[in-house]
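Participant: Before I ask anything, here is the structure I am working with.
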Number of protein chains: 2
Amino acid sequence: MGKLYVVPTPVGNLEDITLRALKVLKECDLILAEDTRTSGFLLKHYGIDTHMQSHHKFNEHHSAAHVVERLKTGENIALISDAGTPGISDPGFFCLYGLAYRKI
Amino acid sequence: MGKLYVVPTPVGNLEDITLRALKVLKECDLILAEDTRTSGFLLKHYGIDTHMQSHHKFNEHHSAAHVVERLKTGENIALISDAGTPGISDPGFFCLYGLAYRKI
């Protein structure tokens with residue numbers, strides 16, 4: 001079973017990101033992003049080319065099943081929102097629930 | 001007038017520190033540390049040799065006056081606790097109040 005990482009991203013200053021967050025985003029197999037365009041800006045800034053997939057409130061129920069299947073194959077997946085920590089200190093909406101409901 | 005930076009430090013994993021925190025700790029003129037031995041371990045890990053000064057609940061009232069004087073001369077000072085964000089998500093005690101009371 002792979003790991004699902006909930007990764008905090010900056011809310012304003014791009015330097016407000018931890019070394020561990022950058023490491024996880026760089027080394028994981030897939031990044032679930034609330035908005036791939038917004039997160040693309042962050043990833044490009046740090047030279048991270050990990051594949052992204054859209055995961056937000058409008059597709060999370062469909063997306064979650066697919067994510068769980070990938071985790072079961074041993075892949076490590078990072079979940080990020082546009083800013084902040086998904087589901088914890090997230091100034092936007094929560095996109096963690098679709099996954100949490102599936103008890104991964 | 002210099003700036004007083006309240007800087008979050010890791011609560012467990014040393015990589016849980018932001019790029020901006022490292023930059024501030026490296027570039028400021030003085031670091032106020034709850035425990036200079038504990039913070040010394042963190043600073044050494046990241047090759048930061050900024051001067052530290054003890055600032056904690058047992059000396060904060062005395063220390064604060066000195067800190068304010070240094071800020072008035074234009075020095076930039078960082079405040080850290082043993083772990084977490086001083087006065088916000090600090091698992092230890094607060095050491096921010098001695099400074100806040102002086103309305104800097």
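Going by the structure tokens order, chains are called A, B, ..., each with residues numbered from 1, while ligands are numbered from 1 in the order shown.
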Give me, as number ranges by chain, all polymer residues having an atom no more than 8 Å from segment 71-80 of chain A, counting only C-alpha atoms and skipping those fewer than 5 positions away in the same chain.
Facilitator: A: 1-9, 24-25, 28-34, 85-86, 96
Participant: Mind writing the picked residues with all heavy atoms as a compact mmCIF listing (two decimals), in the first residue's frame?
Facilitator:
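This is the output file part.txt:
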# COMPACT_ATOMS: atom_id res chain seq x y z
N MET A 1 0.84 -1.21 0.00
CA MET A 1 0.00 0.00 0.00
C MET A 1 0.87 1.25 0.00
O MET A 1 1.76 1.40 0.84
CB MET A 1 -0.89 -0.02 1.25
CG MET A 1 -1.96 1.05 1.28
SD MET A 1 -3.33 0.66 0.15
CE MET A 1 -4.50 1.95 0.59
N GLY A 2 0.60 2.13 -0.94
CA GLY A 2 1.35 3.38 -0.98
C GLY A 2 0.84 4.35 0.08
O GLY A 2 -0.05 4.03 0.85
N LYS A 3 1.42 5.49 0.11
CA LYS A 3 1.04 6.51 1.10
C LYS A 3 0.34 7.69 0.42
O LYS A 3 0.69 8.08 -0.69
CB LYS A 3 2.27 7.02 1.84
CG LYS A 3 2.91 5.99 2.76
CD LYS A 3 4.13 6.57 3.45
CE LYS A 3 4.78 5.52 4.35
NZ LYS A 3 6.08 5.97 4.90
N LEU A 4 -0.62 8.24 1.16
CA LEU A 4 -1.25 9.48 0.71
C LEU A 4 -0.71 10.60 1.60
O LEU A 4 -0.91 10.59 2.82
CB LEU A 4 -2.78 9.40 0.86
CG LEU A 4 -3.51 10.70 0.52
CD1 LEU A 4 -3.42 10.99 -0.98
CD2 LEU A 4 -4.96 10.63 0.97
N TYR A 5 -0.01 11.53 1.02
CA TYR A 5 0.56 12.64 1.75
C TYR A 5 -0.33 13.88 1.61
O TYR A 5 -0.67 14.26 0.48
CB TYR A 5 1.95 13.01 1.22
CG TYR A 5 3.01 11.95 1.44
CD1 TYR A 5 3.26 10.98 0.47
CD2 TYR A 5 3.75 11.92 2.61
CE1 TYR A 5 4.25 10.01 0.66
CE2 TYR A 5 4.73 10.96 2.81
CZ TYR A 5 4.97 10.01 1.84
OH TYR A 5 5.94 9.06 2.03
N VAL A 6 -0.71 14.47 2.73
CA VAL A 6 -1.43 15.74 2.70
C VAL A 6 -0.37 16.84 2.85
O VAL A 6 0.26 16.96 3.89
CB VAL A 6 -2.46 15.82 3.84
CG1 VAL A 6 -3.18 17.17 3.80
CG2 VAL A 6 -3.46 14.67 3.72
N VAL A 7 -0.16 17.57 1.78
CA VAL A 7 0.98 18.49 1.72
C VAL A 7 0.54 19.96 1.75
O VAL A 7 -0.24 20.40 0.91
CB VAL A 7 1.80 18.23 0.43
CG1 VAL A 7 2.99 19.18 0.34
CG2 VAL A 7 2.28 16.78 0.39
N PRO A 8 1.06 20.72 2.73
CA PRO A 8 0.74 22.15 2.77
C PRO A 8 1.51 22.92 1.71
O PRO A 8 2.68 22.63 1.46
CB PRO A 8 1.18 22.57 4.17
CG PRO A 8 2.22 21.58 4.57
CD PRO A 8 1.93 20.31 3.83
N THR A 9 0.85 23.90 1.11
CA THR A 9 1.50 24.75 0.12
C THR A 9 1.34 26.21 0.56
O THR A 9 0.50 26.53 1.40
CB THR A 9 0.89 24.54 -1.28
OG1 THR A 9 -0.52 24.72 -1.21
CG2 THR A 9 1.19 23.14 -1.80
N VAL A 24 8.50 15.59 -0.90
CA VAL A 24 7.36 14.71 -1.18
C VAL A 24 6.79 14.98 -2.57
O VAL A 24 6.53 14.06 -3.35
CB VAL A 24 6.26 14.86 -0.10
CG1 VAL A 24 4.96 14.21 -0.55
CG2 VAL A 24 6.72 14.28 1.22
N LEU A 25 6.62 16.27 -2.89
CA LEU A 25 6.06 16.63 -4.20
C LEU A 25 6.96 16.17 -5.34
O LEU A 25 6.49 15.79 -6.41
CB LEU A 25 5.83 18.14 -4.28
CG LEU A 25 4.73 18.69 -3.36
CD1 LEU A 25 4.69 20.21 -3.43
CD2 LEU A 25 3.37 18.09 -3.68
N CYS A 28 6.98 11.84 -5.13
CA CYS A 28 5.78 11.01 -5.19
C CYS A 28 5.44 10.67 -6.65
O CYS A 28 6.01 11.21 -7.59
CB CYS A 28 4.60 11.70 -4.51
SG CYS A 28 4.00 13.15 -5.37
N ASP A 29 4.52 9.73 -6.80
CA ASP A 29 4.17 9.26 -8.15
C ASP A 29 3.10 10.12 -8.81
O ASP A 29 2.97 10.15 -10.02
CB ASP A 29 3.68 7.81 -8.06
CG ASP A 29 4.75 6.89 -7.49
OD1 ASP A 29 5.78 6.72 -8.16
OD2 ASP A 29 4.58 6.39 -6.36
N LEU A 30 2.31 10.80 -7.98
CA LEU A 30 1.20 11.59 -8.51
C LEU A 30 0.84 12.69 -7.52
O LEU A 30 0.87 12.48 -6.31
CB LEU A 30 -0.03 10.67 -8.72
CG LEU A 30 -1.34 11.34 -9.12
CD1 LEU A 30 -1.26 11.89 -10.55
CD2 LEU A 30 -2.50 10.34 -9.01
N ILE A 31 0.49 13.84 -8.07
CA ILE A 31 0.01 14.94 -7.22
C ILE A 31 -1.45 15.22 -7.56
O ILE A 31 -1.79 15.47 -8.72
CB ILE A 31 0.84 16.23 -7.43
CG1 ILE A 31 2.29 16.02 -7.01
CG2 ILE A 31 0.22 17.39 -6.65
CD1 ILE A 31 3.21 17.17 -7.38
N LEU A 32 -2.31 15.13 -6.55
CA LEU A 32 -3.71 15.49 -6.72
C LEU A 32 -3.83 16.98 -6.40
O LEU A 32 -3.55 17.40 -5.28
CB LEU A 32 -4.59 14.70 -5.76
CG LEU A 32 -4.55 13.18 -5.90
CD1 LEU A 32 -5.38 12.54 -4.80
CD2 LEU A 32 -5.04 12.75 -7.28
N ALA A 33 -4.23 17.76 -7.37
CA ALA A 33 -4.28 19.21 -7.19
C ALA A 33 -5.70 19.74 -7.35
O ALA A 33 -6.45 19.29 -8.21
CB ALA A 33 -3.36 19.88 -8.19
N GLU A 34 -6.02 20.70 -6.51
CA GLU A 34 -7.33 21.35 -6.59
C GLU A 34 -7.48 22.02 -7.96
O GLU A 34 -8.51 21.92 -8.62
CB GLU A 34 -7.44 22.36 -5.46
CG GLU A 34 -8.77 23.05 -5.33
CD GLU A 34 -8.77 24.03 -4.17
OE1 GLU A 34 -7.87 23.96 -3.30
OE2 GLU A 34 -9.68 24.88 -4.14
N THR A 85 -3.12 23.96 3.89
CA THR A 85 -3.10 22.52 4.10
C THR A 85 -4.49 21.95 3.85
O THR A 85 -5.43 22.33 4.55
CB THR A 85 -2.69 22.20 5.56
OG1 THR A 85 -1.47 22.86 5.85
CG2 THR A 85 -2.52 20.70 5.75
N PRO A 86 -4.64 21.07 2.87
CA PRO A 86 -5.96 20.53 2.55
C PRO A 86 -6.70 20.01 3.78
O PRO A 86 -6.18 19.16 4.51
CB PRO A 86 -5.65 19.38 1.58
CG PRO A 86 -4.36 19.79 0.93
CD PRO A 86 -3.59 20.49 2.02
N LEU A 96 -10.31 16.79 0.88
CA LEU A 96 -9.78 15.59 1.53
C LEU A 96 -10.89 14.59 1.83
O LEU A 96 -10.66 13.39 1.92
CB LEU A 96 -9.09 16.01 2.84
CG LEU A 96 -8.35 14.96 3.65
CD1 LEU A 96 -7.18 14.41 2.85
CD2 LEU A 96 -7.85 15.57 4.94
Participant: Provide as a ChimeraX atom specification the residues of chain B at most 6 Å from chain A, counting only C-alpha atoms.
Facilitator: /B:15-20
Participant: Would you mind exporting C-alpha atoms of the selected residues as a tab-separated table (two decimals), in the first residue's frame?
Facilitator:
chain	number	residue	atom	x	y	z
B	15	GLU	CA	12.73	18.91	7.26
B	16	ASP	CA	9.48	20.49	8.46
B	17	ILE	CA	10.91	23.97	8.12
B	18	THR	CA	10.17	26.48	5.39
B	19	LEU	CA	12.61	28.05	2.98
B	20	ARG	CA	11.65	31.45	4.36
Participant: Using atom CA of Met52 of chain B and atom CA of Pro91 of chain B as the two end points, give the distance in Å to one decimal.
Facilitator: 20.8 Å
Participant: Please measure the separation of atom CA of Lys44 of chain B and atom CA of Ala83 of chain B, giving the value in Å to one decimal.
Facilitator: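 About the pair atom CA of Lys44 of chain B and atom CA of Ala83 of chain B: they are 15.5 Å apart.
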Participant: Report the distance between atom CA of Gly12 of chain A and atom CA of Leu43 of chain B in Å, rounded to one decimal place.
Facilitator: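 A separation of 25.4 Å between them.
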Participant: Could you give me, as a ChimeraX atom specification, each residue of chain B that DSSP assigns to alpha helix (DSSP H) when run on this structure's backbone?
Facilitator: /B:19-27,36-45,60-72,97-100
Participant: Mind writing the picked residues with N, CA and C atoms as a compact mmCIF listing (two decimals), in the first residue's frame?
Facilitator:
# COMPACT_ATOMS: atom_id res chain seq x y z
N LEU B 19 11.47 27.36 3.59
CA LEU B 19 12.61 28.05 2.98
C LEU B 19 12.74 29.45 3.57
N ARG B 20 11.61 30.09 3.82
CA ARG B 20 11.65 31.45 4.36
C ARG B 20 12.18 31.48 5.79
N ALA B 21 11.78 30.46 6.58
CA ALA B 21 12.28 30.38 7.96
C ALA B 21 13.80 30.27 7.95
N LEU B 22 14.33 29.41 7.09
CA LEU B 22 15.78 29.24 7.02
C LEU B 22 16.46 30.54 6.58
N LYS B 23 15.84 31.22 5.63
CA LYS B 23 16.41 32.48 5.12
C LYS B 23 16.46 33.53 6.23
N VAL B 24 15.35 33.66 6.96
CA VAL B 24 15.29 34.66 8.04
C VAL B 24 16.31 34.34 9.13
N LEU B 25 16.38 33.06 9.52
CA LEU B 25 17.32 32.67 10.58
C LEU B 25 18.77 32.91 10.17
N LYS B 26 19.01 32.75 8.88
CA LYS B 26 20.38 32.93 8.37
C LYS B 26 20.75 34.41 8.25
N GLU B 27 19.77 35.23 7.86
CA GLU B 27 20.09 36.63 7.53
C GLU B 27 19.85 37.63 8.66
N THR B 36 18.89 27.78 23.91
CA THR B 36 19.93 27.91 22.88
C THR B 36 20.58 26.55 22.54
N ARG B 37 20.55 25.62 23.48
CA ARG B 37 21.12 24.30 23.17
C ARG B 37 20.23 23.56 22.19
N THR B 38 18.92 23.57 22.46
CA THR B 38 17.97 22.89 21.57
C THR B 38 18.00 23.51 20.18
N SER B 39 17.92 24.83 20.12
CA SER B 39 17.91 25.51 18.82
C SER B 39 19.27 25.41 18.14
N GLY B 40 20.31 25.30 18.96
CA GLY B 40 21.65 25.15 18.40
C GLY B 40 21.77 23.91 17.54
N PHE B 41 21.08 22.87 17.92
CA PHE B 41 21.08 21.63 17.16
C PHE B 41 20.46 21.86 15.78
N LEU B 42 19.34 22.58 15.76
CA LEU B 42 18.66 22.89 14.49
C LEU B 42 19.54 23.77 13.60
N LEU B 43 20.09 24.82 14.20
CA LEU B 43 20.90 25.77 13.41
C LEU B 43 22.16 25.09 12.86
N LYS B 44 22.75 24.27 13.67
CA LYS B 44 23.96 23.56 13.23
C LYS B 44 23.62 22.65 12.05
N HIS B 45 22.47 21.99 12.15
CA HIS B 45 22.04 21.07 11.08
C HIS B 45 21.96 21.80 9.74
N GLU B 60 12.25 36.84 30.12
CA GLU B 60 11.69 37.64 29.03
C GLU B 60 11.46 39.10 29.42
N HIS B 61 11.10 39.37 30.66
CA HIS B 61 10.83 40.75 31.03
C HIS B 61 12.11 41.59 31.00
N HIS B 62 13.17 40.96 31.42
CA HIS B 62 14.46 41.65 31.38
C HIS B 62 14.98 41.71 29.94
N SER B 63 14.85 40.59 29.24
CA SER B 63 15.38 40.47 27.88
C SER B 63 14.66 41.39 26.90
N ALA B 64 13.35 41.56 27.07
CA ALA B 64 12.54 42.32 26.11
C ALA B 64 13.03 43.75 25.93
N ALA B 65 13.41 44.40 27.03
CA ALA B 65 13.86 45.79 26.95
C ALA B 65 15.11 45.88 26.07
N HIS B 66 15.99 44.93 26.25
CA HIS B 66 17.22 44.89 25.46
C HIS B 66 16.91 44.64 23.98
N VAL B 67 15.96 43.75 23.74
CA VAL B 67 15.57 43.42 22.37
C VAL B 67 14.98 44.64 21.67
N VAL B 68 14.11 45.36 22.37
CA VAL B 68 13.49 46.55 21.79
C VAL B 68 14.55 47.58 21.42
N GLU B 69 15.52 47.72 22.27
CA GLU B 69 16.60 48.68 21.97
C GLU B 69 17.34 48.29 20.69
N ARG B 70 17.58 46.99 20.54
CA ARG B 70 18.29 46.53 19.34
C ARG B 70 17.42 46.72 18.10
N LEU B 71 16.11 46.48 18.22
CA LEU B 71 15.20 46.69 17.09
C LEU B 71 15.20 48.17 16.68
N LYS B 72 15.28 49.03 17.67
CA LYS B 72 15.27 50.47 17.39
C LYS B 72 16.51 50.92 16.63
N TYR B 97 4.99 36.96 24.72
CA TYR B 97 4.25 37.98 25.46
C TYR B 97 5.12 39.09 26.02
N GLY B 98 6.31 38.74 26.49
CA GLY B 98 7.20 39.75 27.05
C GLY B 98 7.47 40.85 26.04
N LEU B 99 7.49 40.47 24.77
CA LEU B 99 7.72 41.46 23.72
C LEU B 99 6.42 42.17 23.36
N ALA B 100 5.35 41.42 23.25
CA ALA B 100 4.07 42.00 22.85
C ALA B 100 3.60 43.06 23.84
Participant: Could you please write out, as a count of residues only, every residue of segment 3-83 of chain B that DSSP assigns to strand (DSSP E or B)?
Facilitator: 16
Participant: In terms of the shortest atom-to-atom distance over only C-alpha atoms, which of B:Ile88, B:Gly47, B:Ser81, B:Phe58 is closest to Val11 of chain B?
Facilitator: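 Closest to Val11 of chain B of all the choices is B:Ser81.
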